[in-house]
$ cat entry.csv   # CSV, C-alpha atoms and all ligand atoms
chain,number,residue,atom,x,y,z
A,1,MET,CA,-74.0,-23.2,27.2
A,2,ASN,CA,-74.3,-20.0,29.4
A,3,GLU,CA,-71.9,-17.1,29.1
A,4,LEU,CA,-69.9,-18.1,32.1
A,5,GLU,CA,-69.2,-21.6,30.8
A,6,GLN,CA,-68.3,-20.1,27.5
A,7,LEU,CA,-65.7,-17.9,29.1
A,8,ASP,CA,-64.2,-20.7,31.1
A,9,LYS,CA,-63.9,-22.8,28.0
A,10,VAL,CA,-61.9,-20.0,26.5
A,11,VAL,CA,-59.4,-20.3,29.3
A,12,ASP,CA,-59.2,-24.1,29.1
A,13,SER,CA,-58.3,-24.2,25.4
A,14,LEU,CA,-55.8,-21.3,25.5
A,15,ASP,CA,-52.7,-23.2,26.6
A,16,GLU,CA,-53.0,-25.9,24.0
A,17,GLU,CA,-53.5,-23.4,21.2
A,18,LEU,CA,-50.6,-21.2,22.3
A,19,ASN,CA,-48.3,-24.2,22.3
A,20,GLN,CA,-48.9,-24.8,18.7
A,21,ILE,CA,-47.9,-21.3,17.7
A,22,ASP,CA,-44.3,-20.4,16.9
A,23,ASP,CA,-44.4,-17.2,14.8
A,24,LEU,CA,-45.5,-13.7,15.5
A,25,ASN,CA,-48.1,-13.5,12.7
A,26,ALA,CA,-49.9,-16.6,13.8
A,27,LEU,CA,-49.9,-15.3,17.3
A,28,GLN,CA,-51.3,-11.9,16.2
A,29,GLN,CA,-54.2,-13.7,14.5
A,30,LYS,CA,-54.8,-15.9,17.4
A,31,LYS,CA,-54.9,-12.9,19.7
A,32,ALA,CA,-57.5,-11.2,17.4
A,33,SER,CA,-59.7,-14.4,17.6
A,34,TYR,CA,-59.8,-14.1,21.3
A,35,LEU,CA,-59.6,-10.4,22.1
A,36,GLY,CA,-60.6,-8.8,18.8
A,37,LYS,CA,-63.9,-7.1,17.9
A,38,LYS,CA,-65.3,-10.4,16.6
A,39,GLY,CA,-63.4,-12.5,19.1
A,40,VAL,CA,-64.7,-15.0,21.7
A,41,ILE,CA,-64.8,-12.5,24.5
A,42,ALA,CA,-66.6,-9.9,22.5
A,43,SER,CA,-69.3,-12.4,21.4
A,44,ALA,CA,-69.7,-13.6,25.0
A,45,MET,CA,-70.4,-10.1,26.1
A,46,ALA,CA,-72.7,-9.4,23.3
A,47,ASN,CA,-75.3,-11.8,24.7
A,48,MET,CA,-75.4,-10.1,28.1
A,49,ARG,CA,-78.0,-7.5,27.2
A,50,ASP,CA,-80.9,-9.8,28.1
A,51,LEU,CA,-79.5,-10.9,31.5
A,52,SER,CA,-80.3,-9.6,35.0
A,53,ILE,CA,-78.2,-6.9,36.5
A,54,GLU,CA,-76.5,-9.3,38.9
A,55,ALA,CA,-75.6,-11.7,36.2
A,56,ARG,CA,-74.3,-8.9,34.0
A,57,LYS,CA,-72.2,-7.7,36.8
A,58,GLU,CA,-70.7,-11.1,37.5
A,59,ILE,CA,-70.0,-11.9,33.8
A,60,GLY,CA,-68.6,-8.4,33.3
A,61,MET,CA,-66.2,-8.7,36.2
A,62,ARG,CA,-65.2,-12.2,35.1
A,63,SER,CA,-64.7,-11.3,31.5
A,64,ASN,CA,-62.5,-8.3,32.5
A,65,LYS,CA,-60.3,-10.6,34.5
A,66,ILE,CA,-60.1,-13.1,31.7
A,67,LYS,CA,-59.3,-10.4,29.3
A,68,GLN,CA,-56.4,-9.2,31.5
A,69,MET,CA,-55.2,-12.7,31.9
A,70,LEU,CA,-55.3,-13.3,28.1
A,71,GLU,CA,-53.4,-10.1,27.4
A,72,GLU,CA,-50.7,-11.3,29.8
A,73,ARG,CA,-50.5,-14.7,28.2
A,74,PHE,CA,-50.3,-13.3,24.7
A,75,GLU,CA,-47.6,-10.9,25.8
A,76,GLN,CA,-45.6,-13.7,27.4
A,77,LYS,CA,-45.9,-15.8,24.3
A,78,ARG,CA,-44.9,-12.9,22.1
A,79,GLN,CA,-41.7,-12.4,24.2
A,80,ALA,CA,-41.0,-16.1,24.1
A,81,ILE,CA,-41.2,-16.2,20.3
A,82,GLU,CA,-39.0,-13.1,20.0
A,83,ASN,CA,-36.4,-14.6,22.2
A,84,ALA,CA,-36.4,-17.8,20.2
A,85,ILE,CA,-35.9,-15.8,17.0
A,86,ILE,CA,-32.9,-13.9,18.5
A,87,GLU,CA,-31.5,-17.2,19.9
A,88,LYS,CA,-31.7,-18.8,16.5
A,89,LYS,CA,-30.1,-15.8,14.8
A,90,LEU,CA,-27.2,-15.7,17.3
A,91,LYS,CA,-26.6,-19.4,16.8
A,92,SER,CA,-26.5,-19.2,13.0
A,93,GLU,CA,-24.3,-16.1,13.0
A,94,SER,CA,-21.9,-17.2,15.7
A,95,ILE,CA,-18.2,-17.1,14.5
A,96,ASP,CA,-15.7,-19.6,15.7
A,97,VAL,CA,-12.6,-17.4,16.0
A,98,THR,CA,-10.4,-20.4,16.5
A,99,LEU,CA,-11.1,-21.7,13.0
A,100,PRO,CA,-8.2,-21.2,10.5
A,101,GLY,CA,-8.8,-18.1,8.3
A,102,VAL,CA,-9.1,-18.0,4.6
A,103,GLN,CA,-5.8,-17.0,3.0
A,104,LEU,CA,-6.5,-14.5,0.2
A,105,PRO,CA,-3.8,-14.1,-2.4
A,106,THR,CA,-1.9,-10.8,-2.1
A,107,GLY,CA,0.7,-9.0,-4.1
A,108,GLY,CA,4.0,-7.7,-2.9
A,109,ILE,CA,6.2,-4.8,-3.6
A,110,HIS,CA,8.7,-5.3,-6.5
A,111,PRO,CA,12.2,-5.4,-5.2
A,112,LEU,CA,13.3,-2.5,-7.4
A,113,ASN,CA,10.4,-0.4,-6.1
A,114,GLN,CA,11.4,-1.4,-2.6
A,115,THR,CA,14.9,-0.2,-3.2
A,116,ILE,CA,13.6,3.1,-4.6
A,117,MET,CA,11.3,3.5,-1.6
A,118,ASP,CA,14.2,2.8,0.8
A,119,LEU,CA,16.4,5.4,-1.0
A,120,GLU,CA,13.6,7.9,-1.0
A,121,ASP,CA,13.0,7.3,2.8
A,122,LEU,CA,16.6,7.8,3.5
A,123,TYR,CA,17.3,10.9,1.4
A,124,ILE,CA,14.0,12.6,2.3
A,125,SER,CA,15.0,12.2,6.0
A,126,MET,CA,18.2,14.0,5.1
A,127,GLY,CA,16.3,17.0,3.6
A,128,TYR,CA,16.3,16.0,-0.1
A,129,THR,CA,13.2,16.2,-2.3
A,130,VAL,CA,12.3,13.9,-5.1
A,131,ALA,CA,12.5,15.2,-8.7
A,132,GLU,CA,11.4,13.5,-11.9
A,133,GLY,CA,12.0,14.0,-15.6
A,134,PRO,CA,10.9,12.6,-18.9
A,135,GLU,CA,12.2,9.3,-20.3
A,136,ILE,CA,12.2,10.7,-23.8
A,137,GLU,CA,14.9,13.4,-23.5
A,138,THR,CA,16.7,15.9,-25.7
A,139,ASP,CA,20.3,15.4,-26.8
A,140,GLU,CA,20.9,18.8,-25.2
A,141,PHE,CA,19.8,17.9,-21.7
A,142,CYS,CA,21.0,14.3,-21.7
A,143,PHE,CA,24.5,15.1,-23.1
A,144,GLU,CA,25.4,18.7,-24.3
A,145,LYS,CA,24.5,20.5,-21.1
A,146,LEU,CA,26.3,17.8,-19.1
A,147,ASN,CA,29.6,18.7,-20.8
A,148,LEU,CA,29.3,16.1,-23.5
A,149,PRO,CA,29.2,18.0,-26.8
A,150,LYS,CA,28.2,16.1,-30.0
A,151,GLY,CA,31.1,13.9,-31.1
A,152,HIS,CA,32.6,13.7,-27.6
A,153,PRO,CA,34.3,10.3,-27.3
A,154,ALA,CA,32.8,9.8,-23.8
A,155,ARG,CA,29.4,9.5,-25.4
A,156,ASP,CA,30.5,5.9,-26.3
A,157,MET,CA,30.2,5.1,-22.6
A,158,GLN,CA,26.5,5.1,-23.0
A,159,ASP,CA,25.2,3.5,-26.2
A,160,THR,CA,22.0,5.4,-26.7
A,161,PHE,CA,18.7,4.8,-28.4
A,162,TYR,CA,18.1,7.8,-30.7
A,163,ILE,CA,14.6,8.7,-31.9
A,164,ASN,CA,16.0,11.4,-34.2
A,165,PRO,CA,19.2,13.5,-34.0
A,166,GLU,CA,17.8,15.6,-31.2
A,167,LEU,CA,15.6,13.2,-29.3
A,168,LEU,CA,16.6,10.0,-27.5
A,169,LEU,CA,15.6,7.6,-24.7
A,170,ARG,CA,17.6,9.0,-21.8
A,171,SER,CA,20.6,6.8,-21.0
A,172,GLN,CA,21.0,8.3,-17.5
A,173,THR,CA,19.0,10.2,-15.0
A,174,SER,CA,21.6,13.1,-15.0
A,175,PRO,CA,19.4,15.3,-17.4
A,176,VAL,CA,17.1,15.8,-14.4
A,177,GLN,CA,20.0,17.6,-12.8
A,178,VAL,CA,20.0,20.0,-15.8
A,179,ARG,CA,16.3,20.5,-15.8
A,180,THR,CA,16.3,21.3,-12.0
A,181,MET,CA,19.2,23.7,-12.3
A,182,LEU,CA,17.5,25.6,-15.1
A,183,LYS,CA,14.4,25.8,-13.0
A,184,GLU,CA,16.0,26.9,-9.8
A,185,GLN,CA,18.1,29.6,-11.5
A,186,GLY,CA,21.1,29.7,-9.2
A,187,LYS,CA,19.4,28.7,-6.0
A,188,PRO,CA,20.7,25.8,-3.8
A,189,ILE,CA,19.4,22.3,-4.7
A,190,LYS,CA,19.1,19.0,-2.9
A,191,ILE,CA,17.3,16.4,-4.9
A,192,ILE,CA,17.3,12.7,-5.8
A,193,CYS,CA,15.8,11.6,-9.1
A,194,PRO,CA,14.9,7.9,-9.4
A,195,GLY,CA,13.8,6.6,-12.8
A,196,LYS,CA,14.1,4.4,-15.8
A,197,VAL,CA,17.0,4.7,-18.3
A,198,TYR,CA,17.7,3.0,-21.6
A,199,ARG,CA,20.9,1.8,-23.3
A,200,ARG,CA,21.6,-0.1,-26.5
A,201,ASP,CA,23.0,-3.1,-24.6
A,202,ALA,CA,22.4,-6.8,-25.4
A,203,ASP,CA,20.5,-8.3,-22.5
A,204,ASP,CA,22.4,-10.8,-20.4
A,205,ALA,CA,22.9,-11.6,-16.7
A,206,THR,CA,24.3,-8.2,-15.9
A,207,HIS,CA,23.0,-6.0,-18.7
A,208,SER,CA,19.6,-4.8,-19.6
A,209,HIS,CA,18.5,-2.4,-22.4
A,210,GLN,CA,16.3,-0.7,-19.7
A,211,PHE,CA,17.2,-0.3,-16.1
A,212,MET,CA,16.8,2.2,-13.2
A,213,GLN,CA,19.0,4.8,-11.7
A,214,CYS,CA,18.7,7.1,-8.8
A,215,GLU,CA,20.5,10.4,-9.3
A,216,GLY,CA,21.4,12.7,-6.5
A,217,LEU,CA,22.4,16.4,-6.8
A,218,VAL,CA,23.3,18.8,-4.0
A,219,LEU,CA,24.3,22.3,-4.8
A,220,GLY,CA,25.0,25.0,-2.2
A,221,LYS,CA,27.7,27.1,-0.6
A,222,ASP,CA,30.9,25.3,0.4
A,223,ILE,CA,29.7,21.8,-0.4
A,224,THR,CA,32.7,19.4,-0.6
A,225,LEU,CA,33.7,15.9,-1.4
A,226,ALA,CA,33.4,15.1,2.3
A,227,ASP,CA,29.7,15.9,2.1
A,228,LEU,CA,29.4,13.5,-0.8
A,229,LYS,CA,31.1,10.8,1.1
A,230,GLY,CA,28.8,11.3,4.1
A,231,ALA,CA,25.7,11.2,1.8
A,232,LEU,CA,26.8,7.9,0.3
A,233,LEU,CA,28.0,6.3,3.5
A,234,GLU,CA,24.5,6.8,4.9
A,235,MET,CA,23.1,5.1,1.8
A,236,ALA,CA,25.5,2.1,2.1
A,237,LYS,CA,24.6,1.6,5.8
A,238,LYS,CA,20.9,1.9,5.2
A,239,MET,CA,20.9,-0.5,2.2
A,240,PHE,CA,23.5,-3.0,3.3
A,241,GLY,CA,23.9,-2.7,7.1
A,242,GLU,CA,25.4,-0.5,9.8
A,243,GLU,CA,28.8,-2.1,9.7
A,244,ARG,CA,29.4,-1.2,6.0
A,245,GLU,CA,32.2,1.1,4.9
A,246,ILE,CA,32.7,2.9,1.6
A,247,ARG,CA,35.7,4.0,-0.3
A,248,LEU,CA,36.1,6.4,-3.2
A,249,ARG,CA,38.4,5.6,-6.2
A,250,PRO,CA,39.3,8.2,-8.9
A,251,SER,CA,37.3,7.8,-12.1
A,252,PHE,CA,36.0,9.9,-15.0
A,253,PHE,CA,32.6,11.3,-15.9
A,254,PRO,CA,32.4,14.3,-18.2
A,255,PHE,CA,29.9,16.1,-15.9
A,256,THR,CA,31.9,15.8,-12.6
A,257,GLU,CA,35.4,16.9,-11.6
A,258,PRO,CA,36.9,15.2,-9.7
A,259,SER,CA,35.0,12.0,-10.4
A,260,VAL,CA,34.9,8.9,-8.2
A,261,GLU,CA,33.8,5.4,-8.4
A,262,VAL,CA,32.3,4.3,-5.1
A,263,ASP,CA,32.8,0.9,-3.5
A,264,VAL,CA,31.0,-0.7,-0.5
A,265,SER,CA,32.8,-3.1,1.7
A,266,CYS,CA,31.8,-6.7,0.9
A,267,GLY,CA,29.2,-8.0,3.3
A,268,LEU,CA,29.8,-11.7,2.6
A,269,CYS,CA,33.4,-11.8,3.7
A,270,GLY,CA,33.4,-8.7,5.8
A,271,GLY,CA,36.2,-7.2,3.6
A,272,LYS,CA,38.5,-10.2,3.8
A,273,GLY,CA,38.0,-11.2,0.2
A,274,CYS,CA,35.7,-13.8,-1.4
A,275,SER,CA,34.3,-14.7,-4.8
A,276,VAL,CA,31.5,-12.1,-4.7
A,277,CYS,CA,34.0,-9.2,-4.3
A,278,LYS,CA,36.5,-11.0,-6.5
A,279,ASN,CA,38.9,-11.2,-3.5
A,280,THR,CA,39.2,-7.4,-3.2
A,281,GLY,CA,36.9,-6.9,-0.1
A,282,TRP,CA,35.0,-4.2,-2.0
A,283,ILE,CA,32.1,-4.0,-4.4
A,284,GLU,CA,31.6,-1.2,-6.9
A,285,VAL,CA,28.1,0.3,-6.5
A,286,LEU,CA,28.0,3.8,-8.2
A,287,GLY,CA,29.6,6.8,-9.9
A,288,ALA,CA,29.8,10.2,-8.4
A,289,GLY,CA,31.8,13.4,-8.2
A,290,MET,CA,31.8,17.2,-7.7
A,291,VAL,CA,29.7,18.9,-10.4
A,292,ASN,CA,31.9,20.1,-13.2
A,293,ASP,CA,32.2,23.9,-13.5
A,294,ASN,CA,31.2,23.8,-17.1
A,295,VAL,CA,27.9,22.0,-16.2
A,296,LEU,CA,27.2,24.6,-13.5
A,297,ARG,CA,27.9,27.5,-15.9
A,298,MET,CA,25.8,26.0,-18.8
A,299,SER,CA,22.7,25.9,-16.5
A,300,GLY,CA,23.1,29.3,-15.1
A,301,TYR,CA,25.1,28.7,-11.9
A,302,ASP,CA,28.3,30.6,-11.0
A,303,PRO,CA,30.9,28.0,-9.8
A,304,ASN,CA,32.6,30.7,-7.6
A,305,GLU,CA,29.3,31.1,-5.7
A,306,ILE,CA,27.9,27.7,-5.6
A,307,GLN,CA,29.3,24.2,-6.0
A,308,GLY,CA,28.2,20.7,-5.1
A,309,PHE,CA,28.2,17.0,-5.8
A,310,ALA,CA,26.2,14.5,-7.9
A,311,PHE,CA,25.9,10.7,-7.8
A,312,GLY,CA,24.2,8.1,-9.8
A,313,ILE,CA,23.1,4.9,-8.1
A,314,GLY,CA,22.4,1.8,-10.2
A,315,VAL,CA,19.1,0.6,-8.6
A,316,GLU,CA,19.3,-2.9,-10.0
A,317,ARG,CA,23.0,-3.1,-9.0
A,318,ILE,CA,22.4,-2.4,-5.3
A,319,THR,CA,19.2,-4.5,-5.3
A,320,MET,CA,21.1,-7.5,-6.7
A,321,LEU,CA,23.8,-7.1,-4.1
A,322,LYS,CA,21.4,-6.6,-1.2
A,323,TYR,CA,19.3,-9.7,-2.0
A,324,ARG,CA,22.0,-11.7,-3.7
A,325,ILE,CA,20.2,-11.9,-7.1
A,326,ASP,CA,22.6,-13.2,-9.8
A,327,ASP,CA,20.7,-12.3,-13.0
A,328,ILE,CA,19.3,-8.8,-13.7
A,329,ARG,CA,16.7,-10.4,-16.1
A,330,ASN,CA,14.8,-11.7,-13.0
A,331,PHE,CA,13.5,-8.2,-12.3
A,332,TYR,CA,11.7,-8.0,-15.6
A,333,THR,CA,10.4,-11.4,-16.5
A,334,ASN,CA,7.6,-11.4,-13.9
A,335,ASP,CA,8.2,-14.9,-12.7
A,336,ILE,CA,5.8,-15.2,-9.8
A,337,ARG,CA,8.2,-17.7,-8.0
A,338,PHE,CA,10.9,-15.0,-8.0
A,339,LEU,CA,8.6,-12.2,-7.0
A,340,ASN,CA,6.9,-14.1,-4.2
A,341,GLN,CA,10.2,-14.3,-2.4
A,342,PHE,CA,10.0,-10.5,-1.8
A,343,LYS,CA,6.5,-10.4,-0.3
A,344,GLU,CA,7.8,-10.1,3.2
A,345,VAL,CA,10.9,-8.1,2.5
A,346,LYS,CA,10.9,-4.7,4.3
B,401,LIG,N1,25.2,9.3,-15.0
B,401,LIG,C1,26.3,8.4,-14.6
B,401,LIG,C2,26.1,7.1,-15.4
B,401,LIG,O1,25.1,6.8,-15.7
B,401,LIG,C3,26.4,8.3,-13.2
B,401,LIG,C4,26.8,9.5,-12.5
B,401,LIG,C5,25.8,10.4,-12.0
B,401,LIG,C6,28.1,9.8,-12.3
B,401,LIG,C7,26.2,11.5,-11.4
B,401,LIG,C8,28.5,11.0,-11.6
B,401,LIG,C9,27.5,11.8,-11.2
B,401,LIG,O2,27.0,6.4,-15.5

$ encode --input "entry.csv" --output "structure tokens"
Amino acid sequence: MNELEQLDKVVDSLDEELNQIDDLNALQQKKASYLGKKGVIASAMANMRDLSIEARKEIGMRSNKIKQMLEERFEQKRQAIENAIIEKKLKSESIDVTLPGVQLPTGGIHPLNQTIMDLEDLYISMGYTVAEGPEIETDEFCFEKLNLPKGHPARDMQDTFYINPELLLRSQTSPVQVRTMLKEQGKPIKIICPGKVYRRDADDATHSHQFMQCEGLVLGKDITLADLKGALLEMAKKMFGEEREIRLRPSFFPFTEPSVEVDVSCGLCGGKGCSVCKNTGWIEVLGAGMVNDNVLRMSGYDPNEIQGFAFGIGVERITMLKYRIDDIRNFYTNDIRFLNQFKEVK
């Protein structure tokens, strides 16, 4: 076989060989076998040395053309393989956005935390800051500095867990008032203090040995009972709805004078009277009052200069009213069927 025939043969066999290749490695090898140093073209050229000038010219030209053609064909094939790879990848990675998604289990916010967050939102928007205090408290801060000396009969209102004669589990969040007053040393104050409290009560549908309160304290010049009413009316509307009203009834707390019990108009009957409000049209939600002069004095405030109000919201109580929960123990037993109902609550 002469060199020209050899070259033509190369071209004849190319198509069939390329058809059988479908990956880039194999293609690279095949290309080397045609165009590489030891490839078919190179060996055809190697034999030209003994030929006449004309024959060399012809074979040279022809082999150059064939080389060019081979380069093109290999390049086309390479692109075809790469396209096929991309096509395959796209197919395998395509996402059908119309398929139903996988529902992952998620937690929710506990209704008590939700209430505290709502209260914080509201009062922060009215310029209050959030203060905290320890749950293990001294008798002095929890009672004595709140105008409840040792042996005072009103201590019976709050059956207390004592750790020793001076230390106790706080039975109310009011000691945070004392701590803040001592820190601020006569300056105006505007705080709420949400947190846990403890009382020596037997647990039942409406009592729990541990529950939560949200204390409020505002001290400044010329703060009056009307300001207290405003602060609590906003709370009632935010927690229970715009149409709600509040009323204040005289009451007694050793640390406030005058003291009031605050009722919110019943949302079930709109104030007409029903079983939830025991036919009164009103539901009791919290205690409050103007800070007692003795309390101010004991923590370094001059009642002639500065006065103000305090309130103590029962977090469980307003949460139960808001979501119509009839047993306080539901909050603490972690029954997932109960908690799941609050996932979507905002
Ligand atoms: N600390 C009172 C209680 O637990 C509530 C209260 C707070 C009343 C502030 C008046 C002022 O019962």

$ residues_around --input "entry.csv" --residues "Gly300 in chain A" --least-positions-apart "6" --cutoff "8 Å" --atoms "only C-alpha atoms" --output "PyMOL selection string"
chain A and resi 181-182+185-186

$ residues_around --input "entry.csv" --residues "Ala310 in chain A" --least-positions-apart "3" --cutoff "6 Å" --atoms "all atoms listed in the file" --output "MDAnalysis selection string"
chainID A and resid 216:217 288:289

$ write_last_selection --input "entry.csv" --atoms "C-alpha atoms" --output "compact mmCIF listing (two decimals), in the coordinates of the input"
# COMPACT_ATOMS: atom_id res chain seq x y z
CA GLY A 216 21.40 12.70 -6.50
CA LEU A 217 22.40 16.40 -6.80
CA ALA A 288 29.80 10.20 -8.40
CA GLY A 289 31.80 13.40 -8.20

$ closest_residue --input "entry.csv" --among "A:Lys183, A:Lys31, A:Lys196, A:Lys238" --to "ligand LIG 401 (chain B)" --atoms "all atoms listed in the file"
A:Lys196

$ closest_atom_pairs --input "entry.csv" --of "range 40-150 of chain A" --to "range 207-214 of chain A" --cutoff "10 Å" --atoms "only C-alpha atoms" --output "tab-separated table"
residue	atom	partner	partner_atom	distance
A:Leu112	CA	A:Met212	CA	8.2
A:Asn113	CA	A:Met212	CA	9.9
A:Thr115	CA	A:Cys214	CA	10.0
A:Ile116	CA	A:Cys214	CA	7.7
A:Leu119	CA	A:Cys214	CA	8.3
A:Glu120	CA	A:Cys214	CA	9.4

$ atom_distance --input "entry.csv" --atom1 "CA of Asn164 in chain A" --atom2 "CA of Val176 in chain A"
20.3 Å

$ residues_near_ligand --input "entry.csv" --ligand "ligand LIG 401 (chain B)" --cutoff "8 Å" --atoms "all atoms listed in the file" --output "number ranges by chain"
A: 157-158, 171-174, 213, 215-217, 253, 255-256, 259-260, 286-291, 309-314

$ closest_residue --input "entry.csv" --among "A:Asn340, A:Thr280, A:Gln20, A:Thr98" --to "Leu268 in chain A" --atoms "only C-alpha atoms"
A:Thr280
